[in-house]
Amino acid sequence: MSDVINWSGLGFGYIKTPYRFVAHYKDGKWSEGKLITDAQIVISECAGVLQYAQTAFEGLKAYTTADGRTITFRPDLNAERMAQSARRLEMPVLPEGMFLQAVEQVISANRQFVPPYGSGATLYLRPYMFGSSPVIGVKPADEYEFRLFATPVGPYFKGGVKPLTIRVCDFDRAAPHGTGHIKAGLNYAMSLHAIVDAHENGFDENMYLDAGTRTYIEETGGANFLFVTRDGKIVTPKSESILPSITRRSLCYVAEKYLGLTVEHRPVKLSELEDFAECGLCGTAAVISPIGKIVDHGKEICLSSGMNEMGETTKKLYDTLTGIQMGKIQPPAGWLYEIK
Ligand SMILES: *Cc1c(COP(=O)(O)O)cnc(C)c1O
C-alpha cells in the first residue's frame, strides 16, 4: 500500500484503514478488547453520547524515525489524560495497559499506513470513549464503548511554515471549574461557531480568554499558547480551564533541559501580549505553529518574529523536539514508545 499512497499530498482528513480496536464496558467491567474491520458503529438512538454528549477523545501520532523504527510519542500521557477526562464525565477509566495495547495493535495491524521517514506524513491515532446505552433522564450511561482507529495524515506545514493571524475571541471556550481541562467533545461542539466566524472574518484561529474576568489568556480551540519574551524566556499560560497539552509540556521540558532556557508557567494577562517577541500554538498536529499577528478588536499586535517564518527561539524548540521525536536527538527516558 505504501508504494501507492502519495504521502506528502495527504491532507488532514479521515481515510479509512483496515483495522480498529474496540472494547466494551458492561456490568461494571471492560471486555478484553480486540481488533475489528467494521468501521460502522451501531448504537441505541437514545445512547448517552447522542443525547447528552457523554464522550471524550485523545489524539496521537505514529511515525517512522530516521533509523526506521515505528514510534508513538509519550502515549502513556494520552492514557492518563483520557482517564482524567473519563472521571470528569462519569465514564469508566480504561486501564493504561489496555490503552497502550490498543495503540500497539492498531499500529501493527495497519502498519502499511505508517508513512516512511522524511515524508512529513504520520499515522494519526484517534482513541475515544462514549456512553452507548440508552439514557433519557439525565444521568451517566450504564454501558460504554472504547475505540481506537488510525488515519494517515499529510505534513502539517505544506510548502513551508506560514505564521498565523488570530483574533481575541468574544466567545468563551471553557467556564471556570468547568470542563476546559479535559478532552471532551462538548468543548469542541461549542467552539465550532466561533471558528467558523473567525474564518469568515479572515482569522486562522481564536484566542480565548478566561471566561471569569476576560483579562487572562487561555488557549485556542485545540492548541496551547507558548510565548517567548524579548529576553528569551519561555512563558506558557496557567489556568484550571486549559487542556494540558502534551506537546506544550514536552516543549517546556526541552526548553529547560536541552536549551537551557528559563520557563515560566503562570497566569498571563492579555495586556502582556505586547511584551512578547514570539508566539506559537502547541499541539500534536503541528508541534508548534507560529503566530505572526494577534488582533484585539481592531488593535493589531504584530510579533517581532514577523509573518514570514518561525521566530528564532520557536524554531530552536521545534527543531529540538522534532529531532527527539525522529530519533535524531537523544530522548528523555520513556518519551519514544516503539511498536515492534
Ligand atoms: C488536544 C488539545 C490540545 C493539544 O494537546 P496535545 O496533547 O499537545 O496534542 C490543546 N488544547 C486543546 C483544547 C486540545 O483539545
# chains A, B, ... in the order shown; residues from 1 in each chain; ligands from 1
$ residues_around --residues "Ala62 of chain A" --least-positions-apart "5" --cutoff "8 Å" --atoms "only C-alpha atoms" --output "list of chain:residue names"
A:Thr70, A:Ile71, A:Thr72, A:Phe73, A:Ile107, A:Val114, A:Thr122, A:Leu123, A:Tyr124, A:Leu125
$ residues_around --residues "segment 261-274 of chain A" --least-positions-apart "3" --cutoff "7 Å" --atoms "only C-alpha atoms" --output "list in words"
Thr215, Tyr216, Ile217, Lys233, Ile234, Val235, Thr236, Pro237, Lys238, Ser239, Cys252, Ala255, Glu256 and Ile301 of chain A
$ closest_residue --among "A:Lys61, A:Lys293, A:Ile182, A:Glu309" --to "Arg74 of chain A" --atoms "only C-alpha atoms"
A:Lys61
$ closest_residue --among "A:Ala333, A:Ala223, A:Ile339, A:Leu164" --to "Met310 of chain A" --atoms "only C-alpha atoms"
A:Leu164
$ residues_near_ligand --ligand "ligand 1" --cutoff "10 Å" --atoms "only C-alpha atoms and all ligand atoms" --output "ChimeraX atom specification"
/A:56-61,74-75,77-78,81,173-174,180-185,187-188,191,218-225,241-251,281-288
$ atom_distance --atom1 "atom CA of Cys279 of chain A" --atom2 "atom CA of Phe157 of chain A"
16.8 Å
$ select_by_dssp --residues "segment 72-252 of chain A" --states "strand (DSSP E or B)" --output "PyMOL selection string"
chain A and resi 72-73+122-131+134+144-153+164-168+184+205-207+209+216-217+219+224-229+234-237
$ closest_residue --among "A:Leu186, A:Ile166, A:Val135, A:Val161" --to "Ala53 of chain A" --atoms "only C-alpha atoms"
A:Leu186
$ residues_around --residues "Glu143 of chain A" --least-positions-apart "6" --cutoff "10 Å" --atoms "only C-alpha atoms" --output "list in words"
His24, Tyr25, Lys26, Asp27, Gly28, Lys29, Trp30, Ala47, Gly48, Met91, Pro92, Phe130, Gly131, Ser132, Ser133 and Pro134 of chain A
$ write_last_selection --atoms "N, CA and C atoms" --output "PDB file, in the first residue's frame"
ATOM      1  N   HIS A  24     -15.693  -3.031  25.136  1.00  0.00           N
ATOM      2  CA  HIS A  24     -16.984  -2.638  25.689  1.00  0.00           C
ATOM      3  C   HIS A  24     -16.963  -2.700  27.207  1.00  0.00           C
ATOM      4  N   TYR A  25     -17.637  -1.742  27.806  1.00  0.00           N
ATOM      5  CA  TYR A  25     -17.787  -1.727  29.265  1.00  0.00           C
ATOM      6  C   TYR A  25     -19.235  -2.038  29.597  1.00  0.00           C
ATOM      7  N   LYS A  26     -19.441  -3.099  30.349  1.00  0.00           N
ATOM      8  CA  LYS A  26     -20.793  -3.564  30.666  1.00  0.00           C
ATOM      9  C   LYS A  26     -20.754  -4.276  32.005  1.00  0.00           C
ATOM     10  N   ASP A  27     -21.826  -4.155  32.804  1.00  0.00           N
ATOM     11  CA  ASP A  27     -21.898  -4.816  34.112  1.00  0.00           C
ATOM     12  C   ASP A  27     -20.657  -4.535  34.958  1.00  0.00           C
ATOM     13  N   GLY A  28     -20.168  -3.301  34.865  1.00  0.00           N
ATOM     14  CA  GLY A  28     -19.071  -2.893  35.737  1.00  0.00           C
ATOM     15  C   GLY A  28     -17.681  -3.333  35.323  1.00  0.00           C
ATOM     16  N   LYS A  29     -17.541  -3.931  34.133  1.00  0.00           N
ATOM     17  CA  LYS A  29     -16.169  -4.277  33.710  1.00  0.00           C
ATOM     18  C   LYS A  29     -15.950  -4.175  32.193  1.00  0.00           C
ATOM     19  N   TRP A  30     -14.682  -4.017  31.838  1.00  0.00           N
ATOM     20  CA  TRP A  30     -14.283  -3.911  30.429  1.00  0.00           C
ATOM     21  C   TRP A  30     -14.154  -5.298  29.807  1.00  0.00           C
ATOM     22  N   ALA A  47     -28.660   6.548  22.978  1.00  0.00           N
ATOM     23  CA  ALA A  47     -27.346   6.391  23.634  1.00  0.00           C
ATOM     24  C   ALA A  47     -26.920   7.689  24.328  1.00  0.00           C
ATOM     25  N   GLY A  48     -26.254   7.543  25.461  1.00  0.00           N
ATOM     26  CA  GLY A  48     -25.790   8.689  26.247  1.00  0.00           C
ATOM     27  C   GLY A  48     -24.987   9.691  25.424  1.00  0.00           C
ATOM     28  N   MET A  91     -17.456   8.561  33.320  1.00  0.00           N
ATOM     29  CA  MET A  91     -17.283   7.372  32.477  1.00  0.00           C
ATOM     30  C   MET A  91     -16.257   6.471  33.160  1.00  0.00           C
ATOM     31  N   PRO A  92     -16.275   5.167  32.861  1.00  0.00           N
ATOM     32  CA  PRO A  92     -15.278   4.283  33.478  1.00  0.00           C
ATOM     33  C   PRO A  92     -13.888   4.554  32.915  1.00  0.00           C
ATOM     34  N   PHE A 130     -17.303   6.502  24.624  1.00  0.00           N
ATOM     35  CA  PHE A 130     -18.627   7.146  24.685  1.00  0.00           C
ATOM     36  C   PHE A 130     -19.649   6.265  25.395  1.00  0.00           C
ATOM     37  N   GLY A 131     -20.673   6.930  25.944  1.00  0.00           N
ATOM     38  CA  GLY A 131     -21.790   6.228  26.571  1.00  0.00           C
ATOM     39  C   GLY A 131     -22.665   5.632  25.487  1.00  0.00           C
ATOM     40  N   SER A 132     -22.825   4.313  25.504  1.00  0.00           N
ATOM     41  CA  SER A 132     -23.504   3.643  24.392  1.00  0.00           C
ATOM     42  C   SER A 132     -24.906   3.149  24.740  1.00  0.00           C
ATOM     43  N   SER A 133     -25.228   3.047  26.031  1.00  0.00           N
ATOM     44  CA  SER A 133     -26.549   2.523  26.399  1.00  0.00           C
ATOM     45  C   SER A 133     -27.563   3.665  26.487  1.00  0.00           C
ATOM     46  N   PRO A 134     -28.872   3.332  26.412  1.00  0.00           N
ATOM     47  CA  PRO A 134     -29.912   4.366  26.394  1.00  0.00           C
ATOM     48  C   PRO A 134     -29.969   5.166  27.695  1.00  0.00           C
TER      49      PRO A 134
END
$ closest_atom_pairs --of "segment 263-313 of chain A" --to "segment 199-205 of chain A" --cutoff "12 Å" --atoms "only C-alpha atoms" --output "tab-separated table"
residue	atom	partner	partner_atom	distance
A:Gly280	CA	A:Glu205	CA	11.8
A:Leu281	CA	A:Glu205	CA	9.9
A:Ser289	CA	A:Glu205	CA	11.1
A:Pro290	CA	A:Asp204	CA	11.5
A:Ile291	CA	A:Asp204	CA	9.6
A:Gly292	CA	A:Asp204	CA	10.9
A:Lys293	CA	A:Phe203	CA	9.8
A:Ile294	CA	A:Phe203	CA	9.2
A:Val295	CA	A:Phe203	CA	8.8
A:Asp296	CA	A:Phe203	CA	11.5
A:His297	CA	A:Asn201	CA	11.8
A:Gly298	CA	A:Asn201	CA	11.9
$ write_last_selection --atoms "C-alpha atoms" --output "mmCIF file, in the first residue's frame"
data_model
loop_
_atom_site.group_PDB
_atom_site.id
_atom_site.type_symbol
_atom_site.label_atom_id
_atom_site.label_comp_id
_atom_site.auth_asym_id
_atom_site.auth_seq_id
_atom_site.Cartn_x
_atom_site.Cartn_y
_atom_site.Cartn_z
ATOM 1 C CA GLY A 280 3.312 29.760 18.933
ATOM 2 C CA LEU A 281 0.484 27.251 19.174
ATOM 3 C CA SER A 289 2.568 26.779 14.619
ATOM 4 C CA PRO A 290 3.999 30.289 14.775
ATOM 5 C CA ILE A 291 1.678 33.265 15.252
ATOM 6 C CA GLY A 292 2.565 36.434 13.341
ATOM 7 C CA LYS A 293 -0.258 38.735 14.346
ATOM 8 C CA ILE A 294 -2.903 38.924 17.064
ATOM 9 C CA VAL A 295 -5.882 41.232 16.544
ATOM 10 C CA ASP A 296 -7.729 42.517 19.613
ATOM 11 C CA HIS A 297 -10.872 44.281 18.369
ATOM 12 C CA GLY A 298 -9.103 46.250 15.665
#
